[in-house]
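Each remark here refers to the structure printed beneath this line.
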Amino acid sequence: MRAPWATGTVVSISSLRVGRTVTASAAAWALACAAAAVPARAQDGQQQQQQQQQQQVDAAPQAGVTLPVVVVSGSVSERALANAPYAVSVVESQTLREAGPMINLSEALTRVPGITANHRQNYAQDLQLSSRGFGARAAFGVRGLRLYTDGIPATMPDGQGQVTHFDLASAQRIEVLRGPFSALYGNSSGGVIALVSAPVKAPQLGLDLDAGSAGLRQARLTAGTPFGQGWEAQASVSGLEVDGFRPQSEARRTLVNGRLGWQGTRDRVLLLFSDIDQRAQDPLGLTAAQFAADPDQTTPQALQFNTRKNASQTQLGGRWVHQFDGLGPLVDSGLTAYVGRRSVTQWQSITTGAQAAPGSGGGVVDFDRRQDGIDARLRWRLGDATLATGLNLERQRDDRQGYENFIGIGASQQLGVTGALRRDEDNRATTREAYAQLEMAVSEAVSASAGVRAGQVRMSARDRYLANGDDSGALRFSYANPALGLGWRLSPALLLHTSIGRGFESPTLNELAYRADGLGGFNTALKPQKSLQQELGLKWRRGTLALDATAFHVTTRDEIGVLTNSGGRSSFQNVGRTRRSGAELSAAWQPAPAWRTQWAVSTLKARYRDAFLTCTGTPCAAANVPVASGNRIAGTQGGSAFAELAWKPAWASDTEGAMEWRGVKRTAVNDINSEWAAGYGLVNLRLSQAWRVGHGQWSLTARIDNLADRRYVGSVIVNDGNGRFYEPAPGRSFWLGLKFEMKPGA
């Protein structure tokens, strides 16, 4: 039998987790495949590691093993999750399905330590994601994290990303890497979230129907098949409608995803296509008084201006991997390229009087974005070491307009419509980078990695609307970010790891759009934030118990903070030094064949080290309110926890019931720490049942979330100038999902 690496196959096994057993022979084959993915010469330095893995399989009962056998990326060569010497978590496809209707990443990421994933109950605003406190300041989009789908970036050159096009229903797994400890990824401080699609190994047809509280209804159709001679294809289309539990919360979305793959003797090619069209109303946030009076209400300004957002996005990307013959030092080459466009029109609640101010861009945001990128990588075999080298180029161009959100005057005035032009700009961002990462076995028990990523990001604005002055400008930032890591296998069951790395986070084009002094013009005073991050952790596997623990410490200079945030418009400033430290623990255990449990606990202490001035109201001509050294960074909380207990009775193997608990500490809503969103604890229940009928399978999943009907703040709008910090979460809610899968010939 030819080894998988000889044909260019990349082995990824992720369907196994604690509580989902496989035979010992299958687990042994999985480990052998993972080892085969490493070049032959590099295997010599990892022989002891493979022997230790085999000992774990041999020690397992012949009836099956319960250790997860998962291969993750994030290093030069894929490796088993238990052997990855950095803080990384994997969320598998079954977990994604059980967590909800697979609309938002927040459904399943609550079980990942160190990650805050808040569903804002507002489809006009993007999912609120942060890692170890990085990204918490974002009022829109995802900041501080790199996002990928099958290696295709979902993060723009300026560092802002989107996840609405993620095809969670076709995912094999979601990988979450915390911290900047891999040189294979670019502009970010918090880490990486990557979706890996499931390969198509047999003809399949699937239909998903979802219904839930707040008028949720969704239908999804998925079809895929291998064509022979190495070809495979899959396509899915879904339609979502939701009424929302607050007035002015309706949304509808259409999502189309497709993939085409081919694998030859030495080559693998993958093409991805996604298209999304979304129309959503915006209920805005609430003040503390409004939330206390009625968390189901909508602020009057949202109704007055009919706040809403229309967004569409199309992306096409491809990857080509070529395997060399093994006679020289080159192992393989990889080429990734993508093109895309995104169009957004958003009607905001900025008052008509505020739009008369000099430099105002109006109350309607309207832009068309074009982006493209290419990444070329070579992987080398150097004795017992493996080296990856690469070049990356990304470009983004925004054709951006701003309009007044009204027409007419006096009694005939209409609000919430597109009026006169107030802004017309051409915004661009370009990133050029080179990177290298080396991984080697220092001894039979010790492995090391070292990498560096250096580059330059340039951002510019060319103003074409000069009635209120010229707001043109340009900035260029250069950086070189090293990362070092060490893994020490103390025993077959225990791995210690430590890493140190530098993070770089540039301002986005949106963060550069408005000056800190409130006047019009490009924010040329804003600098990128740079961090030094360290982590120390362990991974322990023993029988049916898996345990990961990590402690981290981060110091940042030139932290980017919100100066003003009013009417959907934010200005930013550098606020000096900050410090983040904390611990993360995740565990999975199967105490009996019918029972399994999972836990995740995180602590975070995110503080400002320097005092600075900020704004707390609107309008604000100059920062005049002091923020004391030691204050909590706005948008962060002291910690969170997740626990799950699942039961699968032996007499009904296709039935599973589970109870989940999630707890979150209070969240600072502004930098002066004058107000907080209270902490909360929630209990959720779920039940799933499957039936096999011929060549198909029906499965039904039901969830009750927030069983105790608690009213709490689900997310916050950081430093909102109007004091509308609080985005309420719904009370008790339900979801029912019906799925049919047909696999002809199975």
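Naming works like this for the structure tokens: A, B, ... for the chains as they're shown, residue 1 at the start of each chain, ligands 1 onward in shown order.
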
Problem set entry | 10 Å contact set for Gln278 in chain A, only C-alpha atoms, chain neighbours under 3 positions out, as a PyMOL selection string | chain A and resi 123-124+164+239-241+251-255+309-313+344

Could you build a table of the residues in range 407-464 of chain A lying no more than 9 Å from range 347-353 of chain A, giving for each the nearest pair of atoms and their separation in Å rounded to one decimal place, using only C-alpha atoms, ordered by chain and ascending residue number, as JSON lines?
{"residue": "A:Leu415", "atom": "CA", "partner": "A:Thr352", "partner_atom": "CA", "distance": 8.8}
{"residue": "A:Gly416", "atom": "CA", "partner": "A:Trp347", "partner_atom": "CA", "distance": 6.4}
{"residue": "A:Val417", "atom": "CA", "partner": "A:Trp347", "partner_atom": "CA", "distance": 7.4}
{"residue": "A:Thr418", "atom": "CA", "partner": "A:Trp347", "partner_atom": "CA", "distance": 7.9}

Residues just named, written with C-alpha atoms as an mmCIF file, in the first residue's frame:
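Writing done, so here's part_21.cif:
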data_model
loop_
_atom_site.group_PDB
_atom_site.id
_atom_site.type_symbol
_atom_site.label_atom_id
_atom_site.label_comp_id
_atom_site.auth_asym_id
_atom_site.auth_seq_id
_atom_site.Cartn_x
_atom_site.Cartn_y
_atom_site.Cartn_z
ATOM 1 C CA LEU A 415 -35.901 60.276 7.863
ATOM 2 C CA GLY A 416 -34.156 56.970 7.255
ATOM 3 C CA VAL A 417 -33.698 57.510 3.514
ATOM 4 C CA THR A 418 -30.684 58.231 1.335
#

For this session: Compile the contact shell of Ala677 in chain A as an MDAnalysis selection string: residues with an atom at most 12 Å away, counting only C-alpha atoms, same-chain residues fewer than 4 positions apart removed.
Result: chainID A and resid 286:288 291:292 634:638 664:670 673 711:718 724:729

For this session: Mind giving me the straight-line distance from CA of Asn257 in chain A to CA of Tyr148 in chain A in Å, one decimal?
Result: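 According to the coordinates, CA of Asn257 in chain A and CA of Tyr148 in chain A are separated by 14.6 Å.
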
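Relative to CA of Val72 in chain A, CA of Asp332 in chain A is found at 18.3 Å.
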
Problem set entry | Residue nearest Leu438 in chain A among A:Thr265, A:Ser249, A:Ser182, A:Thr618 (counting only C-alpha atoms) |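 That would be A:Ser182, the residue with the smallest distance to Leu438 in chain A.
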
For this session: Enter the distance from CA of Asp208 in chain A to CA of Met742 in chain A, in Å, rounded to one decimal.
Result: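 Computing it gives 11.9 Å between the two atoms.
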
Problem set entry | Long-range neighbours of range 456-469 of chain A as a PyMOL selection string, 9 Å cut-off, only C-alpha atoms, 4 positions minimum in chain | chain A and resi 157-158+358-360+421-433+473-480+506+508-509+512-513+520-522

For this session: Could you give me, as an MDAnalysis selection string, each residue of range 123-366 of chain A that DSSP assigns to helix (DSSP H, G or I) when run on this structure's backbone?
Result: chainID A and resid 168:170 288:293 300:304 354:356

Selection above as a file: N, CA and C atoms, as a PDB file, in the first residue's frame:
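In the end it all went to again.pdb:
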ATOM      1  N   LEU A 168     -20.965  26.553   8.029  1.00  0.00           N
ATOM      2  CA  LEU A 168     -20.801  25.694   9.203  1.00  0.00           C
ATOM      3  C   LEU A 168     -21.383  24.306   8.975  1.00  0.00           C
ATOM      4  N   ALA A 169     -22.424  24.187   8.165  1.00  0.00           N
ATOM      5  CA  ALA A 169     -23.064  22.898   7.945  1.00  0.00           C
ATOM      6  C   ALA A 169     -22.160  21.928   7.188  1.00  0.00           C
ATOM      7  N   SER A 170     -21.219  22.433   6.400  1.00  0.00           N
ATOM      8  CA  SER A 170     -20.313  21.568   5.627  1.00  0.00           C
ATOM      9  C   SER A 170     -18.938  21.473   6.263  1.00  0.00           C
ATOM     10  N   ALA A 288     -28.791  51.847  30.309  1.00  0.00           N
ATOM     11  CA  ALA A 288     -29.029  51.046  31.504  1.00  0.00           C
ATOM     12  C   ALA A 288     -30.470  51.201  31.980  1.00  0.00           C
ATOM     13  N   ALA A 289     -31.004  52.412  31.914  1.00  0.00           N
ATOM     14  CA  ALA A 289     -32.382  52.643  32.348  1.00  0.00           C
ATOM     15  C   ALA A 289     -33.371  51.928  31.438  1.00  0.00           C
ATOM     16  N   GLN A 290     -33.120  51.959  30.128  1.00  0.00           N
ATOM     17  CA  GLN A 290     -34.009  51.283  29.194  1.00  0.00           C
ATOM     18  C   GLN A 290     -33.990  49.770  29.422  1.00  0.00           C
ATOM     19  N   PHE A 291     -32.789  49.236  29.615  1.00  0.00           N
ATOM     20  CA  PHE A 291     -32.685  47.796  29.828  1.00  0.00           C
ATOM     21  C   PHE A 291     -33.400  47.370  31.102  1.00  0.00           C
ATOM     22  N   ALA A 292     -33.248  48.155  32.169  1.00  0.00           N
ATOM     23  CA  ALA A 292     -33.906  47.829  33.432  1.00  0.00           C
ATOM     24  C   ALA A 292     -35.420  47.896  33.307  1.00  0.00           C
ATOM     25  N   ALA A 293     -35.910  48.846  32.507  1.00  0.00           N
ATOM     26  CA  ALA A 293     -37.358  49.020  32.361  1.00  0.00           C
ATOM     27  C   ALA A 293     -37.976  47.922  31.509  1.00  0.00           C
ATOM     28  N   PRO A 300     -36.087  54.398  20.644  1.00  0.00           N
ATOM     29  CA  PRO A 300     -36.930  55.122  19.672  1.00  0.00           C
ATOM     30  C   PRO A 300     -36.177  55.563  18.425  1.00  0.00           C
ATOM     31  N   GLN A 301     -34.889  55.899  18.542  1.00  0.00           N
ATOM     32  CA  GLN A 301     -34.140  56.383  17.379  1.00  0.00           C
ATOM     33  C   GLN A 301     -34.064  55.328  16.271  1.00  0.00           C
ATOM     34  N   ALA A 302     -34.050  54.041  16.656  1.00  0.00           N
ATOM     35  CA  ALA A 302     -34.006  52.986  15.643  1.00  0.00           C
ATOM     36  C   ALA A 302     -35.266  52.996  14.785  1.00  0.00           C
ATOM     37  N   LEU A 303     -36.401  53.234  15.416  1.00  0.00           N
ATOM     38  CA  LEU A 303     -37.663  53.292  14.679  1.00  0.00           C
ATOM     39  C   LEU A 303     -37.797  54.601  13.908  1.00  0.00           C
ATOM     40  N   GLN A 304     -37.307  55.679  14.503  1.00  0.00           N
ATOM     41  CA  GLN A 304     -37.419  56.989  13.873  1.00  0.00           C
ATOM     42  C   GLN A 304     -36.646  57.035  12.556  1.00  0.00           C
ATOM     43  N   ALA A 354     -26.511  66.808  13.825  1.00  0.00           N
ATOM     44  CA  ALA A 354     -25.112  66.381  13.897  1.00  0.00           C
ATOM     45  C   ALA A 354     -24.483  66.303  12.520  1.00  0.00           C
ATOM     46  N   GLN A 355     -25.280  66.076  11.488  1.00  0.00           N
ATOM     47  CA  GLN A 355     -24.727  65.945  10.145  1.00  0.00           C
ATOM     48  C   GLN A 355     -24.367  67.290   9.533  1.00  0.00           C
ATOM     49  N   ALA A 356     -24.740  68.369  10.200  1.00  0.00           N
ATOM     50  CA  ALA A 356     -24.364  69.697   9.705  1.00  0.00           C
ATOM     51  C   ALA A 356     -22.948  70.075  10.103  1.00  0.00           C
TER      52      ALA A 356
END
